[in-house]
$ cat target_32.tsv   # TSV, C-alpha atoms
chain	number	residue	atom	x	y	z
U	162	MET	CA	-7.21	-6.65	-15.35
U	163	ALA	CA	-10.90	-7.20	-14.99
U	164	VAL	CA	-12.28	-10.57	-14.03
U	165	ASP	CA	-15.93	-11.55	-14.11
U	166	GLU	CA	-17.87	-12.20	-10.90
U	167	ASN	CA	-17.38	-15.97	-11.05
U	168	GLU	CA	-13.62	-15.63	-11.58
U	169	ALA	CA	-13.40	-13.07	-8.78
U	170	GLN	CA	-15.16	-15.45	-6.40
U	171	VAL	CA	-12.88	-18.34	-7.36
U	172	LEU	CA	-9.83	-16.09	-6.99
U	173	ASP	CA	-11.00	-14.89	-3.56
U	174	GLN	CA	-11.53	-18.48	-2.40
U	175	TRP	CA	-8.16	-19.58	-3.78
U	176	THR	CA	-6.35	-16.63	-2.22
U	177	HIS	CA	-7.92	-17.36	1.17
U	178	ARG	CA	-7.14	-21.11	0.98
U	179	LEU	CA	-3.55	-20.49	-0.10
U	180	ALA	CA	-2.94	-17.83	2.55
U	181	GLN	CA	-4.29	-20.18	5.23
U	182	ALA	CA	-2.19	-23.09	3.95
U	183	LEU	CA	0.89	-20.87	3.98
U	184	GLN	CA	-0.06	-19.75	7.50
U	185	ILE	CA	-0.33	-16.12	6.49
U	186	LEU	CA	-3.29	-15.28	8.68
U	187	ASP	CA	-5.41	-12.16	8.18
U	188	LEU	CA	-3.66	-11.24	4.94
U	189	GLU	CA	-5.37	-8.58	2.85
U	190	VAL	CA	-4.55	-9.10	-0.83
U	191	ASP	CA	-5.10	-6.32	-3.36
U	192	GLN	CA	-5.97	-8.69	-6.18
U	193	GLU	CA	-6.78	-5.90	-8.65
U	194	LEU	CA	-3.36	-4.32	-8.12
U	195	LEU	CA	-1.59	-7.65	-8.64
U	196	LEU	CA	-3.68	-8.51	-11.69
U	197	ASP	CA	-2.98	-5.09	-13.21
U	198	LEU	CA	0.72	-5.48	-12.48
U	199	ALA	CA	0.78	-8.94	-14.05
U	200	ARG	CA	-1.01	-7.64	-17.15
U	201	LYS	CA	1.29	-4.63	-17.46
U	202	SER	CA	4.51	-6.63	-17.05
U	203	ALA	CA	3.34	-9.32	-19.47
U	204	GLY	CA	2.55	-6.67	-22.07
U	205	SER	CA	5.65	-4.55	-21.50
U	206	VAL	CA	8.26	-7.28	-21.16
U	207	ILE	CA	7.18	-10.83	-22.05
U	208	HIS	CA	4.29	-12.99	-20.88
U	209	ALA	CA	6.51	-14.90	-18.45
U	210	ALA	CA	7.34	-11.63	-16.67
U	211	ALA	CA	3.87	-11.59	-15.05
U	212	PRO	CA	4.38	-14.24	-12.35
U	213	VAL	CA	8.01	-13.29	-11.79
U	214	THR	CA	7.11	-9.62	-11.35
U	215	THR	CA	4.31	-10.29	-8.90
U	216	PHE	CA	6.51	-12.67	-6.92
U	217	LEU	CA	9.34	-10.14	-6.69
U	218	VAL	CA	6.94	-7.36	-5.66
U	219	GLY	CA	5.53	-9.59	-2.93
U	220	TYR	CA	8.98	-10.60	-1.77
U	221	ALA	CA	10.23	-7.00	-1.67
U	222	ALA	CA	7.08	-5.92	0.16
U	223	GLY	CA	7.54	-8.71	2.69
U	224	LEU	CA	11.10	-7.64	3.35
U	225	ALA	CA	10.08	-4.00	3.69
U	226	ALA	CA	7.14	-4.78	5.96
U	227	GLY	CA	9.39	-6.93	8.14
U	228	ASP	CA	11.67	-3.95	8.78
U	229	GLY	CA	9.61	-2.38	11.53
U	230	SER	CA	5.99	-2.75	10.51
U	231	ALA	CA	5.67	-6.53	10.65
U	232	GLY	CA	2.20	-7.52	11.68
U	233	SER	CA	0.76	-4.21	10.57
U	234	SER	CA	-1.83	-4.56	7.84
U	235	ALA	CA	-1.36	-0.91	6.88
U	236	GLY	CA	2.43	-1.33	6.75
U	237	SER	CA	2.15	-4.44	4.60
U	238	SER	CA	-0.31	-2.74	2.25
U	239	ALA	CA	1.94	0.29	1.91
U	240	ALA	CA	4.95	-1.94	1.21
U	241	VAL	CA	3.06	-3.77	-1.56
U	242	THR	CA	1.92	-0.48	-3.09
U	243	GLN	CA	5.44	0.94	-3.01
U	244	ALA	CA	6.99	-2.17	-4.56
U	245	ALA	CA	4.25	-2.34	-7.21
U	246	ASP	CA	4.80	1.32	-8.07
U	247	VAL	CA	8.46	0.56	-8.79
U	248	ALA	CA	7.49	-2.36	-11.03
U	249	PHE	CA	4.90	-0.25	-12.87
U	250	ARG	CA	7.52	2.44	-13.51
U	251	LEU	CA	9.95	-0.13	-14.86
U	252	CYS	CA	7.23	-1.43	-17.18
U	253	GLU	CA	6.69	2.12	-18.42
U	254	ASP	CA	10.43	2.60	-18.97
U	255	ARG	CA	10.62	-0.74	-20.83
U	256	HIS	CA	14.28	-1.21	-20.00
U	257	ASP	CA	16.46	-2.61	-17.25
U	258	GLY	CA	17.60	-0.28	-14.50
U	259	GLY	CA	17.04	3.43	-14.89
U	260	PRO	CA	15.20	5.91	-12.70
U	261	ALA	CA	12.56	3.46	-11.50
U	262	ALA	CA	15.15	1.09	-10.08
U	263	GLU	CA	16.96	3.98	-8.44
U	264	GLY	CA	13.66	5.19	-6.94
U	265	TRP	CA	13.31	1.96	-4.96
U	266	ALA	CA	16.87	2.30	-3.64
U	267	ASP	CA	16.25	5.96	-2.71
U	268	THR	CA	13.47	4.93	-0.32
U	269	GLY	CA	15.85	2.76	1.66
U	270	GLN	CA	14.28	-0.47	0.42
$ encode --input "target_32.tsv" --output "structure tokens"
Amino acid sequence: MAVDENEAQVLDQWTHRLAQALQILDLEVDQELLLDLARKSAGSVIHAAAPVTTFLVGYAAGLAAGDGSAGSSAGSSAAVTQAADVAFRLCEDRHDGGPAAEGWADTGQ
């Protein structure tokens, strides 16, 4: 989901402020990935799926990153990418469960 330069700057500032307020220091946020995921889930499921999907991806990534790679920026980034990939596959399948859900379980997450 493309945002114009002004929106991108506001989003960057908001992300930084929120991360600091939540005491998540030095967090790298792939905003484009999350915006694309929100757009895809809103279009594939219902509009309200966008924030729920991004929350669940973040939560799953946090759990995965905490299992041995906590504090690692690369580990956190990989966990977000892996969780987002599962969500994207589910959006493509357009149904509950199925191969995408099993794919997440197969990775031990």
$ residues_around --input "target_32.tsv" --residues "Leu194 of chain U" --least-positions-apart "3" --cutoff "12 Å" --atoms "all atoms listed in the file" --output "number ranges by chain"
U: 162-163, 189-191, 197-201, 215, 218-219, 238, 241-246, 248-249
$ atom_distance --input "target_32.tsv" --atom1 "atom CA of Ala225 of chain U" --atom2 "atom CA of Gly204 of chain U"
27.0 Å
$ residues_near_point --input "target_32.tsv" --point "(-7.9, -13.1, -7.1)" --cutoff "7 Å" --atoms "all atoms listed in the file" --output "mmCIF file with C-alpha atoms, in the frame of the given file"
data_model
loop_
_atom_site.group_PDB
_atom_site.id
_atom_site.type_symbol
_atom_site.label_atom_id
_atom_site.label_comp_id
_atom_site.auth_asym_id
_atom_site.auth_seq_id
_atom_site.Cartn_x
_atom_site.Cartn_y
_atom_site.Cartn_z
ATOM 1 C CA ALA U 169 -13.400 -13.070 -8.780
ATOM 2 C CA LEU U 172 -9.830 -16.090 -6.990
ATOM 3 C CA ASP U 173 -11.000 -14.890 -3.560
ATOM 4 C CA THR U 176 -6.350 -16.630 -2.220
ATOM 5 C CA GLN U 192 -5.970 -8.690 -6.180
#
$ closest_residue --input "target_32.tsv" --among "U:Cys252, U:Val171, U:Ala182, U:Leu188" --to "Gly236 of chain U" --atoms "only C-alpha atoms"
U:Leu188
$ atom_distance --input "target_32.tsv" --atom1 "atom CA of Tyr220 of chain U" --atom2 "atom CA of Asp165 of chain U"
27.8 Å
$ atom_distance --input "target_32.tsv" --atom1 "atom CA of Ala209 of chain U" --atom2 "atom CA of Gln184 of chain U"
27.2 Å
$ build_atoms --input "target_32.tsv" --residues "segment 190-201 of chain U" --atoms "all heavy atoms" --output "PDB file, in the frame of the given file"
ATOM      1  N   VAL U 190      -5.204  -9.061   0.469  1.00  0.00           N
ATOM      2  CA  VAL U 190      -4.550  -9.100  -0.830  1.00  0.00           C
ATOM      3  C   VAL U 190      -5.280  -8.161  -1.787  1.00  0.00           C
ATOM      4  O   VAL U 190      -6.485  -8.284  -1.975  1.00  0.00           O
ATOM      5  CB  VAL U 190      -4.559 -10.541  -1.411  1.00  0.00           C
ATOM      6  CG1 VAL U 190      -3.928 -10.572  -2.792  1.00  0.00           C
ATOM      7  CG2 VAL U 190      -3.848 -11.497  -0.468  1.00  0.00           C
ATOM      8  N   ASP U 191      -4.542  -7.228  -2.352  1.00  0.00           N
ATOM      9  CA  ASP U 191      -5.100  -6.320  -3.360  1.00  0.00           C
ATOM     10  C   ASP U 191      -5.004  -7.037  -4.699  1.00  0.00           C
ATOM     11  O   ASP U 191      -4.053  -6.858  -5.461  1.00  0.00           O
ATOM     12  CB  ASP U 191      -4.334  -5.003  -3.372  1.00  0.00           C
ATOM     13  CG  ASP U 191      -4.968  -3.964  -4.276  1.00  0.00           C
ATOM     14  OD1 ASP U 191      -5.783  -4.335  -5.155  1.00  0.00           O
ATOM     15  OD2 ASP U 191      -4.629  -2.775  -4.119  1.00  0.00           O
ATOM     16  N   GLN U 192      -5.997  -7.863  -4.974  1.00  0.00           N
ATOM     17  CA  GLN U 192      -5.970  -8.690  -6.180  1.00  0.00           C
ATOM     18  C   GLN U 192      -5.984  -7.846  -7.447  1.00  0.00           C
ATOM     19  O   GLN U 192      -5.299  -8.180  -8.411  1.00  0.00           O
ATOM     20  CB  GLN U 192      -7.145  -9.667  -6.164  1.00  0.00           C
ATOM     21  CG  GLN U 192      -7.022 -10.682  -5.056  1.00  0.00           C
ATOM     22  CD  GLN U 192      -8.247 -11.554  -4.909  1.00  0.00           C
ATOM     23  OE1 GLN U 192      -9.288 -11.301  -5.500  1.00  0.00           O
ATOM     24  NE2 GLN U 192      -8.132 -12.584  -4.097  1.00  0.00           N
ATOM     25  N   GLU U 193      -6.739  -6.765  -7.461  1.00  0.00           N
ATOM     26  CA  GLU U 193      -6.780  -5.900  -8.650  1.00  0.00           C
ATOM     27  C   GLU U 193      -5.410  -5.325  -8.954  1.00  0.00           C
ATOM     28  O   GLU U 193      -4.992  -5.284 -10.110  1.00  0.00           O
ATOM     29  CB  GLU U 193      -7.814  -4.782  -8.483  1.00  0.00           C
ATOM     30  CG  GLU U 193      -9.233  -5.226  -8.720  1.00  0.00           C
ATOM     31  CD  GLU U 193      -9.467  -5.734 -10.146  1.00  0.00           C
ATOM     32  OE1 GLU U 193      -9.038  -5.080 -11.118  1.00  0.00           O
ATOM     33  OE2 GLU U 193     -10.077  -6.795 -10.275  1.00  0.00           O
ATOM     34  N   LEU U 194      -4.699  -4.871  -7.922  1.00  0.00           N
ATOM     35  CA  LEU U 194      -3.360  -4.320  -8.120  1.00  0.00           C
ATOM     36  C   LEU U 194      -2.439  -5.383  -8.712  1.00  0.00           C
ATOM     37  O   LEU U 194      -1.717  -5.122  -9.679  1.00  0.00           O
ATOM     38  CB  LEU U 194      -2.787  -3.814  -6.788  1.00  0.00           C
ATOM     39  CG  LEU U 194      -1.341  -3.327  -6.839  1.00  0.00           C
ATOM     40  CD1 LEU U 194      -1.245  -2.036  -7.640  1.00  0.00           C
ATOM     41  CD2 LEU U 194      -0.801  -3.135  -5.436  1.00  0.00           C
ATOM     42  N   LEU U 195      -2.464  -6.580  -8.145  1.00  0.00           N
ATOM     43  CA  LEU U 195      -1.590  -7.650  -8.640  1.00  0.00           C
ATOM     44  C   LEU U 195      -1.959  -8.097 -10.047  1.00  0.00           C
ATOM     45  O   LEU U 195      -1.077  -8.358 -10.873  1.00  0.00           O
ATOM     46  CB  LEU U 195      -1.596  -8.823  -7.671  1.00  0.00           C
ATOM     47  CG  LEU U 195      -0.995  -8.527  -6.298  1.00  0.00           C
ATOM     48  CD1 LEU U 195      -1.143  -9.727  -5.377  1.00  0.00           C
ATOM     49  CD2 LEU U 195       0.468  -8.104  -6.418  1.00  0.00           C
ATOM     50  N   LEU U 196      -3.255  -8.152 -10.340  1.00  0.00           N
ATOM     51  CA  LEU U 196      -3.680  -8.510 -11.690  1.00  0.00           C
ATOM     52  C   LEU U 196      -3.269  -7.437 -12.698  1.00  0.00           C
ATOM     53  O   LEU U 196      -2.803  -7.749 -13.808  1.00  0.00           O
ATOM     54  CB  LEU U 196      -5.187  -8.748 -11.738  1.00  0.00           C
ATOM     55  CG  LEU U 196      -5.690  -9.987 -11.004  1.00  0.00           C
ATOM     56  CD1 LEU U 196      -7.212  -9.983 -10.930  1.00  0.00           C
ATOM     57  CD2 LEU U 196      -5.178 -11.258 -11.663  1.00  0.00           C
ATOM     58  N   ASP U 197      -3.407  -6.175 -12.328  1.00  0.00           N
ATOM     59  CA  ASP U 197      -2.980  -5.090 -13.210  1.00  0.00           C
ATOM     60  C   ASP U 197      -1.473  -5.125 -13.436  1.00  0.00           C
ATOM     61  O   ASP U 197      -0.988  -4.927 -14.555  1.00  0.00           O
ATOM     62  CB  ASP U 197      -3.384  -3.731 -12.641  1.00  0.00           C
ATOM     63  CG  ASP U 197      -4.867  -3.450 -12.763  1.00  0.00           C
ATOM     64  OD1 ASP U 197      -5.554  -4.152 -13.545  1.00  0.00           O
ATOM     65  OD2 ASP U 197      -5.348  -2.537 -12.062  1.00  0.00           O
ATOM     66  N   LEU U 198      -0.735  -5.392 -12.368  1.00  0.00           N
ATOM     67  CA  LEU U 198       0.720  -5.480 -12.480  1.00  0.00           C
ATOM     68  C   LEU U 198       1.135  -6.648 -13.371  1.00  0.00           C
ATOM     69  O   LEU U 198       2.028  -6.519 -14.212  1.00  0.00           O
ATOM     70  CB  LEU U 198       1.351  -5.619 -11.093  1.00  0.00           C
ATOM     71  CG  LEU U 198       2.865  -5.701 -11.034  1.00  0.00           C
ATOM     72  CD1 LEU U 198       3.510  -4.479 -11.683  1.00  0.00           C
ATOM     73  CD2 LEU U 198       3.315  -5.848  -9.587  1.00  0.00           C
ATOM     74  N   ALA U 199       0.482  -7.775 -13.209  1.00  0.00           N
ATOM     75  CA  ALA U 199       0.780  -8.940 -14.050  1.00  0.00           C
ATOM     76  C   ALA U 199       0.490  -8.630 -15.518  1.00  0.00           C
ATOM     77  O   ALA U 199       1.294  -8.941 -16.401  1.00  0.00           O
ATOM     78  CB  ALA U 199      -0.029 -10.146 -13.581  1.00  0.00           C
ATOM     79  N   ARG U 200      -0.655  -8.004 -15.780  1.00  0.00           N
ATOM     80  CA  ARG U 200      -1.010  -7.640 -17.150  1.00  0.00           C
ATOM     81  C   ARG U 200       0.003  -6.676 -17.750  1.00  0.00           C
ATOM     82  O   ARG U 200       0.484  -6.852 -18.862  1.00  0.00           O
ATOM     83  CB  ARG U 200      -2.406  -7.015 -17.189  1.00  0.00           C
ATOM     84  CG  ARG U 200      -2.840  -6.558 -18.579  1.00  0.00           C
ATOM     85  CD  ARG U 200      -4.074  -5.656 -18.542  1.00  0.00           C
ATOM     86  NE  ARG U 200      -4.002  -4.554 -17.597  1.00  0.00           N
ATOM     87  CZ  ARG U 200      -3.337  -3.418 -17.802  1.00  0.00           C
ATOM     88  NH1 ARG U 200      -2.664  -3.235 -18.912  1.00  0.00           N
ATOM     89  NH2 ARG U 200      -3.344  -2.472 -16.887  1.00  0.00           N
ATOM     90  N   LYS U 201       0.362  -5.662 -16.983  1.00  0.00           N
ATOM     91  CA  LYS U 201       1.290  -4.630 -17.460  1.00  0.00           C
ATOM     92  C   LYS U 201       2.667  -5.221 -17.741  1.00  0.00           C
ATOM     93  O   LYS U 201       3.277  -4.936 -18.781  1.00  0.00           O
ATOM     94  CB  LYS U 201       1.384  -3.508 -16.443  1.00  0.00           C
ATOM     95  CG  LYS U 201       2.250  -2.361 -16.855  1.00  0.00           C
ATOM     96  CD  LYS U 201       1.597  -1.575 -17.942  1.00  0.00           C
ATOM     97  CE  LYS U 201       2.379  -0.303 -18.202  1.00  0.00           C
ATOM     98  NZ  LYS U 201       1.764   0.488 -19.246  1.00  0.00           N
TER      99      LYS U 201
END
